[in-house]
Every structure is written in C-alpha cells, then in structure tokens.
Amino acid sequence: MGATTIKIKGSAFKNHTGALDVFDAVDLVVPPQMQNSFFVTTRFHEVMQMKNQLCSLSPDKSTSSGRKCSKGCPKGMNTFLGALTGKCINSTTYCEIRAWCPLENDPYISPENLLYGVKNFSIFIRTSVQFPQFGITLTSGKDPKPGLSLFLLDDILSEASCSSGSCFESVRMRGGVILAKAKYDCDEDTDISHCFPTWSFSRIDEGDGFNFRSARYINTNSTERILRKMYGVRVVIVLFGKAGRFYIVNLLTVLGAGLGLLTIASLFADFLLQTIWPKREKFLHDKFLKVNLEPQVPMIRRTARNAVNEDEKEERASNTTYAELKARYIRFRSTSSVPNPLLAAAPDEAKNDAAVDL
C-alpha cells in the first residue's frame with residue numbers, strides 16, 4: 001500500500017489579442033488536489049454566458065442547440081444544452097433553446113488559446129509505501145531529487161509520447177492521459193533505507209486527448225458565469241512493488257518442490273519417449289533387454305535341487321540330539337584302532353572315570 005504527495009510549480013503565458021496574460025500553477029492545476037493524480041492545463045478558451053437566455057448557435061457556429069428545424073422544435077423538449085422554446089431560427093436552421101447563452105465557441109487551432117511555458121512546470125512527487133508484513137515504511141525523501149521525486153512536465157511527456165511519434169506539441173493541442181508507474185523492489189537483507197522507486201511513463205489515451213469544462217460565477221445570484229474549456233495533461237500515478245527477505249523455510253520448501261518436479265519430469269520424459277518419440281522402437285529395445293532362458297533350464301534345475309539337498313542336510317544336522325551324537329561316537333571308537341586321546345593323556349586311576357563319562 002502507498003500514497004503520493006504532489007506539488008506543482010511554474011508559470012505560463014497566453015498571447016491574447018496582442019497582450020500577454022500570465023498564469024501560474026494556481027490557475028492551471030485544476031483541481032488543486034486529486035488522489036494519486038494531477039492535471040496541468042496546456043490550452044483553454046473562455047466564454048461569458050448569461051443564464052436563461054435564448055440562442056440556437058454559437059458565434060463561430062461550432063456549437064448548436066442540438067436539434068435541426070427539419071426535425072421539428074417541440075416546446076419544452078430538453079437537449080444536452082437547454083430546453084426548446086418551440087421556435088425555429090431560420091437564419092441558423094436550428095431550433096431555439098433557453099440556456100446559458102451565448103453557446104461556447106470551440107476554436108481548436110487558434111494560437112490565442114495556447115499556453116506557452118507549461119512544459120517547464122516542475123512536479124515534485126513524494127511517494128510513501130508500507131510493507132505491513134515486515135513493518136517497514138519507505139519514502140522517496142522530503143527533498144526534491146531530479147529523476148527520483150522531481151520532474152519537468154516536458155521530460156514526462158517526452159518519455160511517454162515520443163516513442164509513438166508525438167511529443168509535447170500534439171499533447172498541448174488536444175491533451176492526453178499519462179500513466180506514471182513507480183516500482184519498488186527492495187531487499188530486506190540489505191540497507192532498506194536506500195530502496196527507492198524506479199519510474200516509467202506511458203501514454204494511455206490512444207491519442208484521443210483529454211479535456212473538461214469548469215465554470216466560475218461572477219455575481220451573487222449566479223446569473224452570469226465564465227465557462228472555461230480546458231485541455232491538458234492528466235497524470236495518473238500507480239505505486240507497486242515488492243520486498244523480500246531470506247527465509248530458510250521457504251528455501252527448503254522450494255528445494256523439496258524442485259526434487260519432486262525432477263521425479264515427475266523423469267517419468268514424463270520416459271512416457272514421451274515410449275509413446276510419442278518417432279524412434280521409440282529403438283528406445284524400447286535399448287531399455288528392455290529380452291533374455292532366452294530355455295537353454296539354461298537344466299542347469300537351473302540342477303542348481304535348485306542341489307540347493308534343496310544342502311538345505312535338507314543342514315536341517316537334519318541341526319535336529320541331531322546329543323544322545324545320537326554320543327552313540328555315533330561310541331560306535332566309531334569301538335570299530336576304530338585310533339587311541340582315545342583323553343585316555344592316553346590321563347593317569348591310570350582316571351582312565352576308568354573317563355571311560356564312564358564317555
């Protein structure tokens with residue numbers, strides 16, 4: 001989230017009937033405050049109007065009552081400028097209306113309506129952003145710095161419009177809408193006080209221009225007014241950006257997700273190679289090796305029988321009791337001529353005991 005504070009200074013002049021009319025930012029920045037935007041007048045014209053007057057066409061014939069006599073002039077019918085009186089003005093071929101008269105002129109190319117010097121207006125834009133998750137508030141600074149918070153209107157228009165082949169002169173005639181983007185990209189692991197926005201400007205009105213009207217009443221009963229139609233540059237400011245900080249949990253999460261994607265990628269690649277790849281037959285041949293086991297069946301059977309016999313012998317040997325082992329030993333001694341080592345090594349009085357023990 002963020003906000004902007006805008007201050008505009010400068011002066012311009014208008015060559016009106018050979019005399020110079022000087023205007024400053026108070027006259028030309030209308031309205032004086034807008035939310036995240038501002039407007040600077042580059043051209044305007046005025047007309048003195050009286051309330052509840054009768055008219056059908058402006059002096060320069062650029063503005064009409066809005067209804068031709070050929071279509072009829074029903075009394076009381078409203079148009080976008082006033083109410084029909086029911087009369088047709090033959091000299092103008094338009095229906096008569098009761099409205100603020102005379103109707104406004106709209107001199108488009110008259111040099112008397114152009115303002116000179118507007119492009120040198122200085123614009124101070126102070127930005128303030130906040131990153132609630134980190135509890136940080138940043139600002140572009142209290143002091144104006146060119147390119148960071150201080151700009152000339154001519155620089156803004158040049159960057160926004162010259163790429164499309166139109167610069168200040170064309171914008172001054174018809175007006176325009178400029179999008180000013182301030183982007184923050186901050187690293188919370190460094191000195192955050194040195195994080196400032198980067199600016200970019202682009203024209204978004206597609207050449208249609210921008211204008212509006214305002215009125216200034218000159219008496220207490222509001223029966224007279226000065227209607228002013230203003231063309232100019234409206235600049236809309238957008239703040240956006242991001243701030244980041246190293247966090248070990250996020251790193252481990254990304255690594256885990258990456259490992260999972262590697263596993264899925266291998267399976268997906270294997271599926272594509274087996275089903276879609278034009279050389280899938282070669283891939284399947286190299287991946288899966290066919291082995292013919294028929295010539296080796298007799299050897300496998302003999303090996304299996306030998307393994308079973310060995311297992312049976314080991315099982316019988318493990319099940320032999322101590323009494324069976326002793327009886328086998330006695331039988332072996334009775335038929336063998338090899339002397340008993342225990343009897344040979346023992347004294348005579350111990351031989352009988354050794355024989356008994358066996």
# chains A, B, ... in the order shown; residues from 1 in each chain; ligands from 1
call {"tool": "residues_around", "arguments": {"residues": "range 32-44 of chain A", "least_positions_apart": "4", "cutoff": "6 Å", "atoms": "only C-alpha atoms", "output": "NGL selection string"}}
result
:A and (4 or 28 or 113-115 or 172 or 229-237)
call {"tool": "write_last_selection", "arguments": {"atoms": "N, CA and C atoms", "output": "PDB file, in the first residue's frame"}}
result
ATOM      1  N   THR A   4       0.798   9.203  -2.485  1.00  0.00           N
ATOM      2  CA  THR A   4       1.668  10.211  -3.063  1.00  0.00           C
ATOM      3  C   THR A   4       1.253  11.588  -2.578  1.00  0.00           C
ATOM      4  N   LEU A  28      -3.649  27.005 -13.376  1.00  0.00           N
ATOM      5  CA  LEU A  28      -3.618  25.957 -14.396  1.00  0.00           C
ATOM      6  C   LEU A  28      -3.686  24.536 -13.849  1.00  0.00           C
ATOM      7  N   ASN A 113      -5.285  30.578 -27.893  1.00  0.00           N
ATOM      8  CA  ASN A 113      -5.702  29.675 -26.815  1.00  0.00           C
ATOM      9  C   ASN A 113      -4.554  28.841 -26.253  1.00  0.00           C
ATOM     10  N   LEU A 114      -3.397  28.902 -26.858  1.00  0.00           N
ATOM     11  CA  LEU A 114      -2.275  28.079 -26.419  1.00  0.00           C
ATOM     12  C   LEU A 114      -1.542  28.748 -25.267  1.00  0.00           C
ATOM     13  N   LEU A 115      -1.078  27.905 -24.354  1.00  0.00           N
ATOM     14  CA  LEU A 115      -0.280  28.366 -23.226  1.00  0.00           C
ATOM     15  C   LEU A 115       1.182  28.034 -23.502  1.00  0.00           C
ATOM     16  N   ARG A 172      -0.217  19.220 -26.243  1.00  0.00           N
ATOM     17  CA  ARG A 172      -0.685  20.534 -25.831  1.00  0.00           C
ATOM     18  C   ARG A 172      -1.988  20.918 -26.536  1.00  0.00           C
ATOM     19  N   LYS A 229     -13.261  25.884 -21.055  1.00  0.00           N
ATOM     20  CA  LYS A 229     -12.962  24.529 -21.523  1.00  0.00           C
ATOM     21  C   LYS A 229     -11.456  24.374 -21.566  1.00  0.00           C
ATOM     22  N   MET A 230     -10.969  23.374 -20.820  1.00  0.00           N
ATOM     23  CA  MET A 230      -9.528  23.212 -20.622  1.00  0.00           C
ATOM     24  C   MET A 230      -9.044  21.893 -21.222  1.00  0.00           C
ATOM     25  N   TYR A 231      -7.979  22.007 -21.987  1.00  0.00           N
ATOM     26  CA  TYR A 231      -7.246  20.846 -22.492  1.00  0.00           C
ATOM     27  C   TYR A 231      -5.937  20.767 -21.706  1.00  0.00           C
ATOM     28  N   GLY A 232      -5.483  19.564 -21.472  1.00  0.00           N
ATOM     29  CA  GLY A 232      -4.236  19.450 -20.733  1.00  0.00           C
ATOM     30  C   GLY A 232      -3.815  18.020 -20.513  1.00  0.00           C
ATOM     31  N   VAL A 233      -2.843  17.880 -19.649  1.00  0.00           N
ATOM     32  CA  VAL A 233      -2.230  16.583 -19.369  1.00  0.00           C
ATOM     33  C   VAL A 233      -2.684  16.109 -17.998  1.00  0.00           C
ATOM     34  N   ARG A 234      -3.287  14.950 -17.978  1.00  0.00           N
ATOM     35  CA  ARG A 234      -3.623  14.314 -16.705  1.00  0.00           C
ATOM     36  C   ARG A 234      -2.652  13.160 -16.483  1.00  0.00           C
ATOM     37  N   VAL A 235      -1.992  13.187 -15.348  1.00  0.00           N
ATOM     38  CA  VAL A 235      -1.010  12.162 -14.995  1.00  0.00           C
ATOM     39  C   VAL A 235      -1.586  11.330 -13.848  1.00  0.00           C
ATOM     40  N   VAL A 236      -1.713  10.039 -14.081  1.00  0.00           N
ATOM     41  CA  VAL A 236      -2.218   9.095 -13.076  1.00  0.00           C
ATOM     42  C   VAL A 236      -1.030   8.296 -12.554  1.00  0.00           C
ATOM     43  N   ILE A 237      -0.854   8.294 -11.234  1.00  0.00           N
ATOM     44  CA  ILE A 237       0.311   7.664 -10.602  1.00  0.00           C
ATOM     45  C   ILE A 237      -0.112   6.348  -9.973  1.00  0.00           C
TER      46      ILE A 237
END
call {"tool": "select_by_dssp", "arguments": {"residues": "range 26-262 of chain A", "states": "helix (DSSP H, G or I)", "output": "ChimeraX atom specification"}}
result
/A:26-28,69-71,111-113,118-120,153-164,168-174,192-194,248-262
call {"tool": "residues_around", "arguments": {"residues": "Pro197 in chain A", "least_positions_apart": "3", "cutoff": "8 Å", "atoms": "only C-alpha atoms", "output": "ChimeraX atom specification"}}
result
/A:140,148,182-185
call {"tool": "write_last_selection", "arguments": {"atoms": "all heavy atoms", "output": "JSON list (two decimals), in the first residue's frame"}}
result
[["chain", "number", "residue", "atom", "x", "y", "z"],
["A", 140, "SER", "N", 10.28, 8.47, -0.65],
["A", 140, "SER", "CA", 11.28, 8.93, -1.62],
["A", 140, "SER", "C", 12.06, 10.14, -1.14],
["A", 140, "SER", "O", 12.94, 10.62, -1.84],
["A", 140, "SER", "CB", 10.60, 9.26, -2.96],
["A", 140, "SER", "OG", 9.60, 10.24, -2.77],
["A", 148, "LEU", "N", 14.10, 11.22, -9.37],
["A", 148, "LEU", "CA", 13.58, 10.38, -8.29],
["A", 148, "LEU", "C", 12.25, 10.91, -7.78],
["A", 148, "LEU", "O", 11.28, 10.17, -7.66],
["A", 148, "LEU", "CB", 14.59, 10.29, -7.16],
["A", 148, "LEU", "CG", 14.14, 9.50, -5.92],
["A", 148, "LEU", "CD1", 13.84, 8.06, -6.28],
["A", 148, "LEU", "CD2", 15.21, 9.58, -4.82],
["A", 182, "ALA", "N", 5.50, 3.90, -10.47],
["A", 182, "ALA", "CA", 6.64, 3.90, -9.55],
["A", 182, "ALA", "C", 6.76, 2.50, -8.95],
["A", 182, "ALA", "O", 5.85, 2.04, -8.25],
["A", 182, "ALA", "CB", 6.44, 4.92, -8.44],
["A", 183, "LYS", "N", 7.87, 1.83, -9.27],
["A", 183, "LYS", "CA", 8.06, 0.44, -8.87],
["A", 183, "LYS", "C", 9.12, 0.34, -7.79],
["A", 183, "LYS", "O", 10.23, 0.86, -7.94],
["A", 183, "LYS", "CB", 8.46, -0.40, -10.08],
["A", 183, "LYS", "CG", 8.72, -1.86, -9.74],
["A", 183, "LYS", "CD", 9.16, -2.63, -10.97],
["A", 183, "LYS", "CE", 9.44, -4.09, -10.64],
["A", 183, "LYS", "NZ", 9.90, -4.84, -11.83],
["A", 184, "TYR", "N", 8.78, -0.33, -6.70],
["A", 184, "TYR", "CA", 9.72, -0.63, -5.62],
["A", 184, "TYR", "C", 10.13, -2.10, -5.72],
["A", 184, "TYR", "O", 9.30, -2.98, -5.92],
["A", 184, "TYR", "CB", 9.08, -0.38, -4.25],
["A", 184, "TYR", "CG", 9.06, 1.07, -3.81],
["A", 184, "TYR", "CD1", 8.03, 1.92, -4.18],
["A", 184, "TYR", "CD2", 10.07, 1.58, -3.01],
["A", 184, "TYR", "CE1", 8.00, 3.24, -3.77],
["A", 184, "TYR", "CE2", 10.06, 2.90, -2.59],
["A", 184, "TYR", "CZ", 9.03, 3.72, -2.98],
["A", 184, "TYR", "OH", 9.01, 5.03, -2.56],
["A", 185, "ASP", "N", 11.42, -2.33, -5.54],
["A", 185, "ASP", "CA", 11.94, -3.70, -5.50],
["A", 185, "ASP", "C", 13.03, -3.72, -4.42],
["A", 185, "ASP", "O", 14.19, -3.41, -4.68],
["A", 185, "ASP", "CB", 12.51, -4.12, -6.86],
["A", 185, "ASP", "CG", 12.84, -5.60, -6.91],
["A", 185, "ASP", "OD1", 12.63, -6.29, -5.89],
["A", 185, "ASP", "OD2", 13.32, -6.07, -7.96]]
call {"tool": "select_by_dssp", "arguments": {"residues": "range 83-148 of chain A", "states": "strand (DSSP E or B)", "output": "PyMOL selection string"}}
result
chain A and resi 83-89+94-101+114+116+122-131+136-139+146
call {"tool": "closest_residue", "arguments": {"among": "A:Ile178, A:Leu138, A:Met50, A:Val171", "to": "Ile156 in chain A", "atoms": "only C-alpha atoms"}}
result
A:Ile178
call {"tool": "residues_around", "arguments": {"residues": "range 119-130 of chain A", "least_positions_apart": "5", "cutoff": "10 Å", "atoms": "only C-alpha atoms", "output": "count of residues only"}}
result
53
call {"tool": "atom_distance", "arguments": {"atom1": "CA of Asn211 in chain A", "atom2": "CA of Trp199 in chain A"}}
result
25.4 Å
call {"tool": "atom_distance", "arguments": {"atom1": "CA of Ile226 in chain A", "atom2": "CA of Arg174 in chain A"}}
result
21.2 Å
call {"tool": "atom_distance", "arguments": {"atom1": "CA of Ser58 in chain A", "atom2": "CA of Leu81 in chain A"}}
result
11.8 Å
